[in-house]
$ cat final_17.tsv   # TSV, C-alpha atoms
chain	number	residue	atom	x	y	z
A	1	MET	CA	0.00	0.00	0.00
A	2	PRO	CA	1.50	3.38	-0.92
A	3	THR	CA	2.46	5.76	1.85
A	4	GLN	CA	-0.10	8.50	2.19
A	5	THR	CA	1.32	11.98	1.85
A	6	TYR	CA	-0.21	15.40	2.55
A	7	ILE	CA	-1.22	14.16	6.00
A	8	PRO	CA	-3.75	16.66	7.41
A	9	LEU	CA	-2.43	18.23	10.64
A	10	ALA	CA	-4.70	21.22	11.17
A	11	ASN	CA	-7.45	23.11	9.43
A	12	TYR	CA	-8.94	26.49	10.23
A	13	THR	CA	-11.66	28.57	8.60
A	14	LEU	CA	-12.15	32.05	9.98
A	15	THR	CA	-15.60	32.80	11.35
A	16	SER	CA	-14.62	36.44	11.91
A	17	ASN	CA	-11.83	38.70	10.70
A	18	ASP	CA	-8.50	37.90	12.32
A	19	SER	CA	-5.13	39.62	12.09
A	20	PHE	CA	-3.02	36.58	13.00
A	21	VAL	CA	-3.34	32.80	12.67
A	22	LEU	CA	-1.02	30.52	14.60
A	23	PHE	CA	-0.24	26.84	14.06
A	24	SER	CA	1.42	25.43	17.16
A	25	ASN	CA	2.42	22.09	18.70
A	26	ILE	CA	3.47	20.92	15.25
A	27	PRO	CA	4.83	17.36	15.61
A	28	ASN	CA	8.37	16.63	14.40
A	29	THR	CA	7.49	13.34	12.72
A	30	TYR	CA	7.36	14.45	9.08
A	31	LYS	CA	9.94	15.51	6.53
A	32	ASP	CA	8.30	18.65	5.13
A	33	LEU	CA	5.37	20.89	5.98
A	34	VAL	CA	2.93	22.53	3.59
A	35	ILE	CA	0.51	25.33	4.37
A	36	ALA	CA	-2.32	25.89	1.90
A	37	PHE	CA	-4.13	29.21	2.20
A	38	GLU	CA	-7.13	30.51	0.32
A	39	GLY	CA	-8.77	33.73	1.39
A	40	GLN	CA	-8.82	37.50	1.30
A	41	GLY	CA	-7.35	40.38	3.24
A	42	SER	CA	-8.86	43.63	4.42
A	43	ILE	CA	-6.11	45.43	2.50
A	44	ASP	CA	-3.64	44.69	-0.31
A	45	GLU	CA	-0.44	44.02	1.60
A	46	ASN	CA	2.41	41.61	2.21
A	47	LEU	CA	1.81	38.32	3.89
A	48	VAL	CA	4.12	38.03	6.87
A	49	PHE	CA	5.00	35.11	9.08
A	50	THR	CA	6.79	34.06	12.20
A	51	ILE	CA	8.56	30.79	12.96
A	52	ASN	CA	8.70	29.67	16.58
A	53	GLY	CA	7.72	33.23	17.42
A	54	SER	CA	10.79	34.65	15.69
A	55	THR	CA	10.77	37.53	13.21
A	56	SER	CA	14.54	37.63	12.69
A	57	GLY	CA	17.01	35.69	10.59
A	58	PHE	CA	14.97	35.69	7.40
A	59	SER	CA	16.22	36.29	3.86
A	60	TRP	CA	14.53	35.66	0.54
A	61	VAL	CA	14.51	36.25	-3.20
A	62	GLN	CA	11.51	36.20	-5.47
A	63	MET	CA	10.26	36.55	-9.00
A	64	THR	CA	6.91	38.16	-9.56
A	65	SER	CA	4.49	39.31	-12.23
A	66	ALA	CA	4.23	42.70	-10.51
A	67	PRO	CA	7.14	45.15	-10.36
A	68	THR	CA	8.28	44.96	-6.76
A	69	THR	CA	11.29	44.20	-4.61
A	70	GLY	CA	13.16	41.08	-5.67
A	71	TYR	CA	14.84	40.28	-2.37
A	72	GLY	CA	14.62	41.05	1.30
A	73	THR	CA	15.74	40.27	4.83
A	74	ASN	CA	12.37	40.54	6.54
A	75	THR	CA	9.30	38.37	7.08
A	76	SER	CA	7.27	39.65	4.11
A	77	ILE	CA	7.04	36.39	2.23
A	78	GLY	CA	4.01	36.77	0.00
A	79	ARG	CA	0.91	38.76	-0.75
A	80	VAL	CA	-2.64	39.00	0.49
A	81	SER	CA	-5.21	40.91	-1.51
A	82	THR	CA	-8.76	42.13	-1.16
A	83	SER	CA	-9.31	39.86	-4.15
A	84	ARG	CA	-9.19	36.13	-3.60
A	85	THR	CA	-5.64	34.99	-2.88
A	86	THR	CA	-4.05	31.56	-2.68
A	87	SER	CA	-0.72	30.67	-1.17
A	88	SER	CA	1.32	27.52	-0.78
A	89	ILE	CA	4.17	27.60	1.72
A	90	GLN	CA	6.50	24.60	1.94
A	91	PHE	CA	9.18	24.08	4.58
A	92	SER	CA	11.89	21.52	3.87
A	93	ASP	CA	13.43	19.39	6.63
A	94	TYR	CA	11.57	21.46	9.22
A	95	ALA	CA	12.35	19.16	12.16
A	96	MET	CA	16.12	18.97	11.63
A	97	THR	CA	18.17	20.64	14.35
A	98	SER	CA	21.44	20.68	12.38
A	99	LYS	CA	20.53	23.06	9.58
A	100	SER	CA	18.94	26.39	8.81
A	101	LYS	CA	15.45	26.12	7.34
A	102	THR	CA	14.55	26.73	3.72
A	103	PHE	CA	11.09	27.43	2.39
A	104	PHE	CA	9.40	28.37	-0.82
A	105	VAL	CA	6.19	30.27	-1.27
A	106	THR	CA	3.91	30.68	-4.24
A	107	THR	CA	1.29	33.38	-3.93
A	108	GLU	CA	-1.44	34.00	-6.46
A	109	VAL	CA	-3.90	36.85	-6.51
A	110	LEU	CA	-6.31	35.15	-8.79
A	111	ALA	CA	-5.82	35.82	-12.46
A	112	SER	CA	-3.87	39.02	-11.70
A	113	GLU	CA	-0.59	38.53	-9.80
A	114	ILE	CA	1.87	35.74	-9.09
A	115	ARG	CA	4.89	35.56	-6.82
A	116	PHE	CA	7.37	32.75	-6.36
A	117	LEU	CA	9.70	33.18	-3.42
A	118	THR	CA	12.45	31.08	-1.93
A	119	GLY	CA	13.74	31.89	1.52
A	120	LEU	CA	15.95	30.96	4.41
A	121	TRP	CA	15.46	31.12	8.15
A	122	SER	CA	18.95	31.15	9.62
A	123	ASN	CA	18.08	29.13	12.68
A	124	SER	CA	18.60	25.44	13.40
A	125	GLN	CA	15.64	25.04	15.72
A	126	ALA	CA	13.03	22.49	14.75
A	127	ILE	CA	9.92	24.34	13.62
A	128	ASN	CA	7.10	23.80	16.07
A	129	SER	CA	4.96	26.87	15.41
A	130	ILE	CA	4.18	29.04	12.39
A	131	GLY	CA	2.23	32.28	12.51
A	132	LEU	CA	0.69	34.10	9.56
A	133	GLY	CA	-0.37	37.74	9.45
A	134	ILE	CA	-0.70	40.78	7.20
A	135	ARG	CA	1.73	43.66	7.37
A	136	THR	CA	0.67	47.11	8.55
A	137	GLY	CA	-2.39	46.08	10.47
A	138	GLY	CA	-4.46	44.21	7.93
A	139	SER	CA	-6.71	41.27	8.74
A	140	PHE	CA	-7.68	38.03	7.07
A	141	LEU	CA	-11.37	38.17	6.22
A	142	THR	CA	-14.10	35.81	7.39
A	143	GLY	CA	-14.12	32.62	5.35
A	144	SER	CA	-10.37	32.55	4.78
A	145	GLN	CA	-9.06	28.98	5.02
A	146	PHE	CA	-5.74	27.74	6.39
A	147	ARG	CA	-4.58	24.12	6.10
A	148	LEU	CA	-1.44	22.49	7.40
A	149	PHE	CA	-0.16	19.20	6.00
A	150	GLY	CA	2.78	16.98	6.89
A	151	ILE	CA	4.71	15.20	4.16
A	152	HIS	CA	6.60	11.97	4.81
A	153	GLY	CA	10.17	11.73	3.58
B	1	MET	CA	-3.43	12.58	-0.57
B	2	GLU	CA	-5.10	9.64	-2.26
B	3	TYR	CA	-5.06	8.40	-5.81
B	4	ILE	CA	-8.34	8.86	-7.68
B	5	ALA	CA	-7.73	8.03	-11.34
B	6	LYS	CA	-5.30	8.11	-14.27
B	7	ALA	CA	-5.95	9.16	-17.87
B	8	GLU	CA	-3.65	8.29	-20.78
B	9	VAL	CA	-3.41	9.16	-24.46
B	10	GLY	CA	-2.98	6.22	-26.80
B	11	ALA	CA	-1.89	5.84	-30.40
B	12	GLY	CA	-3.06	8.57	-32.71
B	13	GLY	CA	-3.39	11.19	-30.00
B	14	SER	CA	-6.52	12.54	-28.40
B	15	VAL	CA	-8.34	15.85	-28.08
B	16	GLY	CA	-8.21	15.68	-24.31
B	17	MET	CA	-7.67	13.72	-21.10
B	18	VAL	CA	-10.89	13.70	-19.11
B	19	PHE	CA	-11.80	12.94	-15.51
B	20	ASN	CA	-15.55	12.59	-15.02
B	21	ALA	CA	-17.67	11.76	-11.99
B	22	ILE	CA	-14.98	13.06	-9.59
B	23	PRO	CA	-16.02	12.04	-6.06
B	24	ASN	CA	-16.92	14.78	-3.58
B	25	THR	CA	-15.19	13.10	-0.63
B	26	PHE	CA	-12.06	15.28	-0.54
B	27	THR	CA	-11.31	18.92	0.20
B	28	ASP	CA	-8.85	19.80	-2.57
B	29	LEU	CA	-7.71	18.15	-5.79
B	30	TYR	CA	-4.15	17.69	-7.00
B	31	LEU	CA	-3.45	16.92	-10.65
B	32	VAL	CA	-0.13	15.77	-12.08
B	33	THR	CA	0.42	15.62	-15.83
B	34	SER	CA	3.15	14.62	-18.25
B	35	HIS	CA	2.00	15.66	-21.67
B	36	ARG	CA	2.86	17.17	-25.02
B	37	HIS	CA	0.94	18.71	-27.88
B	38	GLU	CA	0.95	17.55	-31.48
B	39	ALA	CA	0.90	21.16	-32.71
B	40	ASN	CA	3.62	23.73	-32.07
B	41	VAL	CA	1.83	25.52	-29.24
B	42	ILE	CA	2.88	25.81	-25.62
B	43	ASP	CA	-0.52	26.77	-24.23
B	44	GLY	CA	-2.82	24.07	-23.04
B	45	GLN	CA	-6.07	24.63	-21.24
B	46	ILE	CA	-8.12	23.00	-18.52
B	47	LEU	CA	-11.87	22.72	-18.76
B	48	VAL	CA	-13.66	22.50	-15.42
B	49	ASN	CA	-17.21	21.21	-15.62
B	50	GLY	CA	-16.89	21.76	-19.38
B	51	SER	CA	-15.98	25.45	-19.08
B	52	GLY	CA	-12.82	27.55	-19.03
B	53	GLY	CA	-11.91	30.59	-16.98
B	54	SER	CA	-9.17	33.20	-16.86
B	55	ARG	CA	-5.52	33.12	-15.97
B	56	ARG	CA	-2.41	35.12	-15.18
B	57	ALA	CA	0.85	33.37	-16.05
B	58	LEU	CA	4.42	34.14	-15.07
B	59	TYR	CA	6.84	32.36	-17.35
B	60	SER	CA	10.36	32.15	-18.62
B	61	GLN	CA	11.41	30.66	-21.93
B	62	PRO	CA	15.14	30.87	-22.54
B	63	THR	CA	16.30	30.96	-26.14
B	64	THR	CA	19.94	31.21	-25.16
B	65	SER	CA	21.93	29.63	-22.38
B	66	SER	CA	21.85	32.86	-20.36
B	67	SER	CA	18.99	33.45	-17.97
B	68	VAL	CA	16.06	35.64	-18.95
B	69	PRO	CA	13.69	37.60	-16.73
B	70	PRO	CA	10.18	36.21	-16.37
B	71	ALA	CA	7.32	37.69	-18.36
B	72	ALA	CA	3.60	37.71	-17.63
B	73	VAL	CA	0.54	37.07	-19.76
B	74	THR	CA	-3.18	37.14	-19.14
B	75	SER	CA	-5.85	35.35	-21.14
B	76	GLY	CA	-9.23	33.69	-20.91
B	77	ILE	CA	-8.30	30.11	-20.16
B	78	ILE	CA	-7.49	27.98	-17.15
B	79	GLY	CA	-3.76	27.65	-17.63
B	80	ILE	CA	-1.58	24.62	-18.14
B	81	PHE	CA	1.37	24.06	-20.49
B	82	GLY	CA	2.38	21.13	-22.67
B	83	ASN	CA	5.55	20.42	-24.58
B	84	ILE	CA	5.25	21.92	-28.04
B	85	GLY	CA	5.11	19.44	-30.88
B	86	SER	CA	8.52	20.31	-32.33
B	87	ARG	CA	10.37	19.28	-29.17
B	88	THR	CA	12.30	16.02	-29.19
B	89	ALA	CA	9.73	13.27	-29.51
B	90	ASP	CA	10.34	11.59	-26.17
B	91	THR	CA	10.10	14.76	-24.05
B	92	PHE	CA	7.02	15.82	-22.12
B	93	ALA	CA	6.06	18.79	-19.96
B	94	THR	CA	5.41	18.23	-16.26
B	95	ASN	CA	2.59	20.07	-14.52
B	96	THR	CA	1.21	20.04	-11.00
B	97	VAL	CA	-2.18	21.67	-10.56
B	98	TYR	CA	-3.90	22.43	-7.25
B	99	PHE	CA	-7.67	22.97	-7.11
B	100	TYR	CA	-8.77	24.60	-3.85
B	101	ASP	CA	-12.08	23.80	-2.16
B	102	TYR	CA	-13.44	21.98	-5.19
B	103	ASN	CA	-16.77	21.00	-3.62
B	104	ALA	CA	-17.80	24.55	-2.80
B	105	ALA	CA	-20.45	26.32	-4.84
B	106	LYS	CA	-18.18	29.16	-5.97
B	107	THR	CA	-15.68	29.89	-8.71
B	108	HIS	CA	-12.55	27.89	-8.00
B	109	SER	CA	-8.92	28.88	-7.49
B	110	VAL	CA	-6.48	26.87	-9.62
B	111	THR	CA	-2.70	27.03	-9.30
B	112	THR	CA	-0.41	25.47	-11.90
B	113	ARG	CA	3.35	24.87	-11.85
B	114	SER	CA	4.75	23.87	-15.19
B	115	VAL	CA	8.08	22.81	-16.61
B	116	GLU	CA	8.63	21.88	-20.22
B	117	SER	CA	11.48	19.53	-21.03
B	118	ASN	CA	13.90	19.35	-23.90
B	119	TYR	CA	17.44	18.22	-24.55
B	120	ASP	CA	18.80	21.74	-24.28
B	121	TYR	CA	18.11	24.98	-22.40
B	122	ALA	CA	15.23	26.04	-24.66
B	123	ALA	CA	12.50	24.78	-22.38
B	124	PHE	CA	9.66	26.68	-20.84
B	125	GLN	CA	8.85	27.15	-17.13
B	126	GLY	CA	5.71	28.77	-15.84
B	127	LEU	CA	3.53	29.55	-12.84
B	128	VAL	CA	-0.13	30.16	-13.49
B	129	THR	CA	-2.98	31.38	-11.37
B	130	SER	CA	-6.46	30.77	-12.77
B	131	ILE	CA	-10.05	31.10	-11.74
B	132	THR	CA	-12.83	28.96	-13.14
B	133	SER	CA	-15.91	30.38	-14.78
B	134	SER	CA	-17.95	27.50	-13.34
B	135	SER	CA	-19.24	28.14	-9.83
B	136	ALA	CA	-20.53	24.62	-9.30
B	137	ALA	CA	-18.71	21.89	-7.40
B	138	ILE	CA	-16.06	20.40	-9.64
B	139	THR	CA	-17.17	17.06	-11.03
B	140	SER	CA	-15.16	16.97	-14.25
B	141	ILE	CA	-11.71	18.12	-15.38
B	142	GLU	CA	-10.36	17.94	-18.92
B	143	ILE	CA	-6.82	18.75	-20.10
B	144	ARG	CA	-6.51	19.92	-23.71
B	145	SER	CA	-4.21	21.74	-26.06
B	146	THR	CA	-5.33	25.11	-27.39
B	147	ASN	CA	-4.65	23.76	-30.88
B	148	GLY	CA	-5.07	20.17	-31.99
B	149	ASN	CA	-4.51	16.95	-30.13
B	150	LEU	CA	-2.50	15.81	-27.15
B	151	ALA	CA	0.25	13.45	-28.24
B	152	GLU	CA	0.49	9.74	-27.60
B	153	GLY	CA	2.19	8.93	-24.30
B	154	SER	CA	0.67	11.87	-22.46
B	155	TYR	CA	-0.94	11.06	-19.13
B	156	ALA	CA	-2.52	12.69	-16.11
B	157	VAL	CA	-3.12	11.47	-12.57
B	158	LEU	CA	-5.71	12.95	-10.24
B	159	TYR	CA	-5.37	12.85	-6.45
B	160	GLY	CA	-7.67	13.95	-3.65
B	161	ILE	CA	-6.47	15.87	-0.59
B	162	LEU	CA	-8.45	15.86	2.62
B	163	LYS	CA	-8.19	18.62	5.20
B	164	GLY	CA	-8.37	17.70	8.87
B	165	SER	CA	-6.59	17.49	12.18
B	166	ASP	CA	-4.07	15.11	13.73
B	167	GLY	CA	-5.37	15.97	17.19
B	168	VAL	CA	-1.97	17.32	18.23
B	169	THR	CA	-1.32	20.42	16.17
B	170	THR	CA	-3.41	23.40	17.21
B	171	VAL	CA	-4.46	26.41	15.19
B	172	SER	CA	-6.08	29.60	16.38
$ encode --input "final_17.tsv" --output "structure tokens"
Amino acid sequence: MPTQTYIPLANYTLTSNDSFVLFSNIPNTYKDLVIAFEGQGSIDENLVFTINGSTSGFSWVQMTSAPTTGYGTNTSIGRVSTSRTTSSIQFSDYAMTSKSKTFFVTTEVLASEIRFLTGLWSNSQAINSIGLGIRTGGSFLTGSQFRLFGIHG
Amino acid sequence: MEYIAKAEVGAGGSVGMVFNAIPNTFTDLYLVTSHRHEANVIDGQILVNGSGGSRRALYSQPTTSSSVPPAAVTSGIIGIFGNIGSRTADTFATNTVYFYDYNAAKTHSVTTRSVESNYDYAAFQGLVTSITSSSAAITSIEIRSTNGNLAEGSYAVLYGILKGSDGVTTVS
């Protein structure tokens, strides 16, 4: 029997607007993690995240269909729009304690904008919590959906 | 993620690869394809419930060995790419396509990652975001070229993804 992948770990649909969503107590028994997001923001702004509560040690580069910054050393790792937005965030080897963590993010504002970003969190901690928010005070709107999956190696 | 079905193109090619009667027991759908077109076109299209949609694509297609910046295009189809017919005969484009919330009665978000293959650098890579024109639950998906048939040897596999909880991880 094939090994099932995309093991569902957590699922959350907002019943009211929320500025921050936090996955915590993430088990260390998988190889990779994937977050799937579909929703909208109260404003057009950058998607930001935290890992284990940290907002430091991040660096990234991206290519995008919109003229914008191509690299950064902050936690702005995607986009959220007042139009429907989807995002996939994948963390490789998230439970390893001997390496910094790499991730890649694809963000799509439907039929209008695309971003593909690869990044590094310069920290060897195992990832046990991931927070998602919107920069400059925006909120995720009611009905936005967040899913976390574990992938076996 | 669980296997649902596989579609293949046999001798002589075929207009499309079709998945019908897709079960409603999952949350999201994940489609993997390896396919090429008989005609010299890169653009394929996905029909959802028999209809198209609109897309925004970010792509790069090197014609020299040096890198090129990505370009963007918008058009009225649900995007997917297939190897163009003039590529080496045993090469196929690889696509992964994610359909969010496919059982909901709303237009659907579709995300495509695509890589063409060839024996040199002149191969096409693309990211596509699309939205379906159909607002019904997705019960059928068809992969086509925008011109002519899909070539023999093309195939597509459809998987279902189920959201849920492991009882350990929390989210708030």
$ residues_around --input "final_17.tsv" --residues "Gly153 of chain B" --least-positions-apart "3" --cutoff "7 Å" --atoms "all atoms listed in the file" --output "number ranges by chain"
B: 8-10
$ residues_around --input "final_17.tsv" --residues "Ala89 of chain B" --least-positions-apart "6" --cutoff "10 Å" --atoms "all atoms listed in the file" --output "PyMOL selection string"
chain B and resi 36+38+83+118+151
$ residues_around --input "final_17.tsv" --residues "Ser134 of chain B" --least-positions-apart "2" --cutoff "9 Å" --atoms "only C-alpha atoms" --output "PyMOL selection string"
chain B and resi 48-53+105-108+131-132+136-138
$ closest_residue --input "final_17.tsv" --among "A:Thr102, A:Thr68, A:Asn17, A:Thr85" --to "chain B" --atoms "only C-alpha atoms"
A:Thr85
$ residues_around --input "final_17.tsv" --residues "Gly16 of chain B" --least-positions-apart "2" --cutoff "8 Å" --atoms "all atoms listed in the file" --output "PDB file with C-alpha atoms, in the frame of the given file"
ATOM      1  CA  SER B  14      -6.520  12.540 -28.400  1.00  0.00           C
ATOM      2  CA  VAL B  18     -10.890  13.700 -19.110  1.00  0.00           C
ATOM      3  CA  GLU B 142     -10.360  17.940 -18.920  1.00  0.00           C
ATOM      4  CA  ILE B 143      -6.820  18.750 -20.100  1.00  0.00           C
ATOM      5  CA  ARG B 144      -6.510  19.920 -23.710  1.00  0.00           C
ATOM      6  CA  SER B 145      -4.210  21.740 -26.060  1.00  0.00           C
ATOM      7  CA  ASN B 149      -4.510  16.950 -30.130  1.00  0.00           C
ATOM      8  CA  LEU B 150      -2.500  15.810 -27.150  1.00  0.00           C
TER       9      LEU B 150
END
$ atom_distance --input "final_17.tsv" --atom1 "atom CA of Ser87 of chain A" --atom2 "atom CA of Tyr98 of chain B"
10.7 Å
$ interface_residues --input "final_17.tsv" --of "chain A" --to "chain B" --cutoff "6 Å" --atoms "all atoms listed in the file" --output "number ranges by chain"
A: 4-6, 8-11, 21-26, 65, 108, 110-112
$ closest_residue --input "final_17.tsv" --among "B:Thr91, B:Gln45, B:Ser135, B:Ser154" --to "Thr112 of chain B" --atoms "only C-alpha atoms"
B:Gln45
$ atom_distance --input "final_17.tsv" --atom1 "atom CA of Gly70 of chain A" --atom2 "atom CA of Thr118 of chain A"
10.7 Å
$ atom_distance --input "final_17.tsv" --atom1 "atom CA of Gly85 of chain B" --atom2 "atom CA of Ser140 of chain B"
26.3 Å
$ residues_near_point --input "final_17.tsv" --point "(-12.4, 12.1, -14.8)" --cutoff "8 Å" --atoms "all atoms listed in the file" --output "ChimeraX atom specification"
/B:5,7,18-22,139-142
$ closest_residue --input "final_17.tsv" --among "A:Ser98, A:Thr142, A:Ser59, A:Ser92" --to "Trp121 of chain A" --atoms "only C-alpha atoms"
A:Ser59
